[in-house]
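Student: Below are the structure tokens for one structure; questions will follow.
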Amino acid sequence: MVFRRRDRRPPHRAVAEFLWPRGGWGRAFLYVKHRVRRLPDNPERIARGIWAGLFTTFTPFYGLHFLVAASIARIMNGNILAALSATFFGNPLTYVPIGVISLQTGHWLLGSQPVAEVDATLADKFLAAGWDLWYNIYAYATGTPVDWSGLKIFYDEVFYPYMIGGIIPGLIVATVGYMLSVPLIRTYQQRRRRKIKAKFEAIKKRAELEPVNSPHAPSGTTPPSRSPKIGRTD
């Protein structure tokens, strides 16, 4: 597997590295870019996977981005690993600006009033909605009264405007990513193929020269072989 780790991390370390990877987000981005460029697929299919992953980061389906990106890539006949890698565009450093842009665009398209202090309360609203969902599932299973009013407010004020508003910026960012990815990946693959070809040619040439330069190799001129002596007969 491409993304399988050799060492298992404890849960607290996994959470810490999700918020801030070792070496910073710059190094993590370079690692993902290196992995994407080395995928064994044609540039157009890899770029379609990147399109799916970038578009997914503008959807409000947090916790399901991998599943959404893989599904979109499957429909578009894109590379699924490239789609999963591109979802790293959405990270703790970009979630807030992506959410603010998507929400503001959604309220503008719907003609509704934006929620005050969206940037400061967006994460809290998603966490509160998740808690309400689990609480209602538990209440339904135990027979206690359920209350869906909080989730309805969250859907009307945050989730639905976010989902509608994320379409336009998601399409723009994903399309730009696709247009940049195709020539870059094609150039990288061609250069890599040339390097591999030159390396194999060098190995082949070295293998051909080794018998000639070997000290145990026969010389260019070989002495004439002596014929066996035949006994004299009187």
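Each chain of the structure tokens is named A, B, ... in the order shown, its residues numbered from 1; ligands are numbered from 1 in display order.
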Please provide the set of residues having any atom within 12 Å of Gln190 of chain A, restricted to only C-alpha atoms, with same-chain residues fewer than 4 positions apart removed, written as a PyMOL selection string.
Tutor: chain A and resi 37-38+42-43+183-186+194-197
Student: Any idea what's packed within 6 Å of segment 49-57 of chain A, counting only C-alpha atoms, ignoring anything in its chain fewer than 2 positions away? Could you give it as number ranges by chain?
Tutor: A: 46-47, 59, 69, 72-73, 78-80, 82-83, 86-87, 90, 170, 174, 178
Student: Would you put the residues from that selection into a file with N, CA, C and O atoms, as a short mmCIF file (atom, residue, chain, number, x, y, z; two decimals), in the first residue's frame?
Tutor:
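This is the output file again-v1.cif:
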```cif
data_model
loop_
_atom_site.label_atom_id
_atom_site.label_comp_id
_atom_site.auth_asym_id
_atom_site.auth_seq_id
_atom_site.Cartn_x
_atom_site.Cartn_y
_atom_site.Cartn_z
N ILE A 46 -4.75 10.91 -13.62
CA ILE A 46 -4.28 11.42 -12.33
C ILE A 46 -4.87 12.80 -12.06
O ILE A 46 -5.29 13.11 -10.94
N ALA A 47 -4.90 13.66 -13.08
CA ALA A 47 -5.43 15.01 -12.92
C ALA A 47 -6.92 14.98 -12.60
O ALA A 47 -7.41 15.81 -11.83
N THR A 59 -16.64 20.70 0.24
CA THR A 59 -17.92 20.17 0.67
C THR A 59 -17.94 20.07 2.19
O THR A 59 -16.89 19.92 2.83
N ALA A 69 -14.38 11.82 -2.16
CA ALA A 69 -13.38 11.99 -3.22
C ALA A 69 -13.22 10.73 -4.05
O ALA A 69 -13.12 10.77 -5.28
N ILE A 72 -16.30 10.39 -6.36
CA ILE A 72 -16.27 11.30 -7.51
C ILE A 72 -15.21 10.85 -8.51
O ILE A 72 -15.44 10.87 -9.73
N ALA A 73 -14.04 10.43 -8.02
CA ALA A 73 -12.99 9.96 -8.91
C ALA A 73 -13.44 8.71 -9.67
O ALA A 73 -13.11 8.54 -10.85
N GLY A 78 -11.21 8.73 -12.71
CA GLY A 78 -9.95 9.32 -12.27
C GLY A 78 -9.20 8.39 -11.36
O GLY A 78 -9.72 7.35 -10.92
N ASN A 79 -7.96 8.75 -11.06
CA ASN A 79 -7.13 7.95 -10.19
C ASN A 79 -7.56 8.17 -8.74
O ASN A 79 -7.54 9.30 -8.24
N ILE A 80 -7.95 7.09 -8.07
CA ILE A 80 -8.50 7.20 -6.72
C ILE A 80 -7.42 7.62 -5.73
O ILE A 80 -7.66 8.44 -4.82
N ALA A 82 -4.85 9.48 -6.32
CA ALA A 82 -4.63 10.91 -6.53
C ALA A 82 -5.74 11.72 -5.87
O ALA A 82 -5.49 12.79 -5.30
N ALA A 83 -6.98 11.22 -5.92
CA ALA A 83 -8.09 11.91 -5.28
C ALA A 83 -7.92 11.95 -3.78
O ALA A 83 -8.13 13.00 -3.13
N ALA A 86 -5.23 14.47 -2.92
CA ALA A 86 -5.62 15.87 -3.11
C ALA A 86 -6.51 16.39 -2.00
O ALA A 86 -6.61 17.61 -1.80
N THR A 87 -7.15 15.50 -1.24
CA THR A 87 -7.98 15.97 -0.13
C THR A 87 -7.14 16.61 0.97
O THR A 87 -7.70 17.30 1.83
N GLY A 90 -7.38 20.27 1.98
CA GLY A 90 -8.17 20.68 3.12
C GLY A 90 -7.52 20.18 4.39
O GLY A 90 -7.50 18.99 4.67
N GLY A 170 -15.29 25.49 -5.36
CA GLY A 170 -14.75 24.14 -5.54
C GLY A 170 -14.48 23.84 -7.00
O GLY A 170 -13.45 23.26 -7.35
N ALA A 174 -10.71 23.27 -8.31
CA ALA A 174 -10.47 21.94 -8.89
C ALA A 174 -10.07 22.03 -10.35
O ALA A 174 -9.17 21.31 -10.81
N TYR A 178 -6.60 20.91 -12.03
CA TYR A 178 -6.54 19.96 -13.15
C TYR A 178 -5.67 20.52 -14.28
O TYR A 178 -4.80 19.82 -14.83
#
```
Student: Between atom CA of Asp41 of chain A and atom CA of Phe200 of chain A, what is the distance, to one decimal in Å?
Tutor: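 Those two atoms sit 21.5 Å apart.
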Student: Could you check the closest approach to Pro97 of chain A for each of A:Gly166, A:Gly150, A:Asp156, A:Asp132 and tell me which residue wins, using only C-alpha atoms?
Tutor: A:Gly166
Student: How would you write, as an MDAnalysis selection string, the set of residues in segment 55-185 of chain A that DSSP gives as helix (DSSP H, G or I)?
Tutor: chainID A and resid 55:56 65:75 80:89 95:110 118:142 149:165 167:185
Student: Output C-alpha atoms for every residue in the selection just made, as a tab-separated table (two decimals), in the first residue's frame.
Tutor:
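What landed in again.tsv:
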```
chain	number	residue	atom	x	y	z
A	55	PHE	CA	-13.50	19.72	-5.17
A	56	THR	CA	-14.27	17.50	-2.17
A	65	HIS	CA	-13.89	13.42	2.45
A	66	PHE	CA	-11.97	10.26	1.50
A	67	LEU	CA	-15.21	8.45	0.64
A	68	VAL	CA	-16.63	11.43	-1.30
A	69	ALA	CA	-13.38	11.99	-3.22
A	70	ALA	CA	-13.06	8.31	-4.10
A	71	SER	CA	-16.67	8.21	-5.31
A	72	ILE	CA	-16.27	11.30	-7.51
A	73	ALA	CA	-12.99	9.96	-8.91
A	74	ARG	CA	-14.69	6.65	-9.66
A	75	ILE	CA	-17.49	8.39	-11.56
A	80	ILE	CA	-8.50	7.20	-6.72
A	81	LEU	CA	-5.12	7.49	-4.95
A	82	ALA	CA	-4.63	10.91	-6.53
A	83	ALA	CA	-8.09	11.91	-5.28
A	84	LEU	CA	-7.30	10.80	-1.74
A	85	SER	CA	-3.99	12.67	-1.84
A	86	ALA	CA	-5.62	15.87	-3.11
A	87	THR	CA	-7.98	15.97	-0.13
A	88	PHE	CA	-4.96	17.03	1.95
A	89	PHE	CA	-5.54	20.46	0.42
A	95	TYR	CA	-10.51	24.64	6.75
A	96	VAL	CA	-11.45	28.07	8.11
A	97	PRO	CA	-10.88	30.09	4.88
A	98	ILE	CA	-12.55	27.34	2.81
A	99	GLY	CA	-15.53	27.32	5.19
A	100	VAL	CA	-15.85	31.11	5.25
A	101	ILE	CA	-15.70	31.37	1.44
A	102	SER	CA	-18.20	28.55	0.97
A	103	LEU	CA	-20.63	29.89	3.57
A	104	GLN	CA	-20.50	33.48	2.34
A	105	THR	CA	-21.01	32.33	-1.25
A	106	GLY	CA	-23.89	30.06	-0.22
A	107	HIS	CA	-25.73	32.79	1.68
A	108	TRP	CA	-25.19	35.14	-1.26
A	109	LEU	CA	-26.64	32.61	-3.72
A	110	LEU	CA	-29.56	31.76	-1.44
A	118	VAL	CA	-18.66	32.39	11.06
A	119	ASP	CA	-14.88	32.13	11.16
A	120	ALA	CA	-14.81	31.93	14.96
A	121	THR	CA	-17.71	29.49	15.43
A	122	LEU	CA	-17.62	27.25	12.35
A	123	ALA	CA	-15.67	24.40	13.98
A	124	ASP	CA	-17.80	24.64	17.13
A	125	LYS	CA	-20.99	24.41	15.08
A	126	PHE	CA	-19.81	21.26	13.30
A	127	LEU	CA	-18.72	19.69	16.58
A	128	ALA	CA	-22.01	20.60	18.25
A	129	ALA	CA	-23.97	19.14	15.33
A	130	GLY	CA	-21.98	15.91	15.54
A	131	TRP	CA	-22.62	15.70	19.26
A	132	ASP	CA	-26.36	16.28	18.76
A	133	LEU	CA	-26.47	13.57	16.11
A	134	TRP	CA	-24.82	10.98	18.35
A	135	TYR	CA	-26.99	12.03	21.29
A	136	ASN	CA	-30.19	11.58	19.26
A	137	ILE	CA	-29.03	8.19	17.99
A	138	TYR	CA	-28.37	7.14	21.60
A	139	ALA	CA	-31.72	8.58	22.72
A	140	TYR	CA	-33.55	6.77	19.94
A	141	ALA	CA	-31.86	3.48	20.88
A	142	THR	CA	-32.67	3.88	24.59
A	149	SER	CA	-34.15	21.25	16.59
A	150	GLY	CA	-30.42	21.93	16.98
A	151	LEU	CA	-29.57	19.90	13.87
A	152	LYS	CA	-32.32	21.63	11.89
A	153	ILE	CA	-30.88	25.03	12.77
A	154	PHE	CA	-27.40	23.79	11.86
A	155	TYR	CA	-28.67	22.47	8.52
A	156	ASP	CA	-30.48	25.71	7.65
A	157	GLU	CA	-27.78	28.13	8.81
A	158	VAL	CA	-24.55	26.26	8.08
A	159	PHE	CA	-24.69	22.91	6.26
A	160	TYR	CA	-27.02	23.75	3.36
A	161	PRO	CA	-25.46	27.17	2.58
A	162	TYR	CA	-21.99	25.58	2.89
A	163	MET	CA	-22.94	22.78	0.47
A	164	ILE	CA	-24.44	25.18	-2.10
A	165	GLY	CA	-21.75	27.82	-1.72
A	167	ILE	CA	-19.82	24.37	-5.53
A	168	ILE	CA	-18.55	27.49	-7.32
A	169	PRO	CA	-15.18	27.91	-5.51
A	170	GLY	CA	-14.75	24.14	-5.54
A	171	LEU	CA	-15.22	24.02	-9.31
A	172	ILE	CA	-12.78	26.90	-9.80
A	173	VAL	CA	-10.03	25.50	-7.58
A	174	ALA	CA	-10.47	21.94	-8.89
A	175	THR	CA	-10.38	23.06	-12.54
A	176	VAL	CA	-7.27	25.18	-11.98
A	177	GLY	CA	-5.66	22.21	-10.24
A	178	TYR	CA	-6.54	19.96	-13.15
A	179	MET	CA	-5.15	22.38	-15.76
A	180	LEU	CA	-1.88	22.78	-13.84
A	181	SER	CA	-1.53	19.08	-13.04
A	182	VAL	CA	-1.73	17.65	-16.57
A	183	PRO	CA	1.37	19.39	-18.06
A	184	LEU	CA	3.37	19.11	-14.83
A	185	ILE	CA	2.70	15.38	-14.43
```
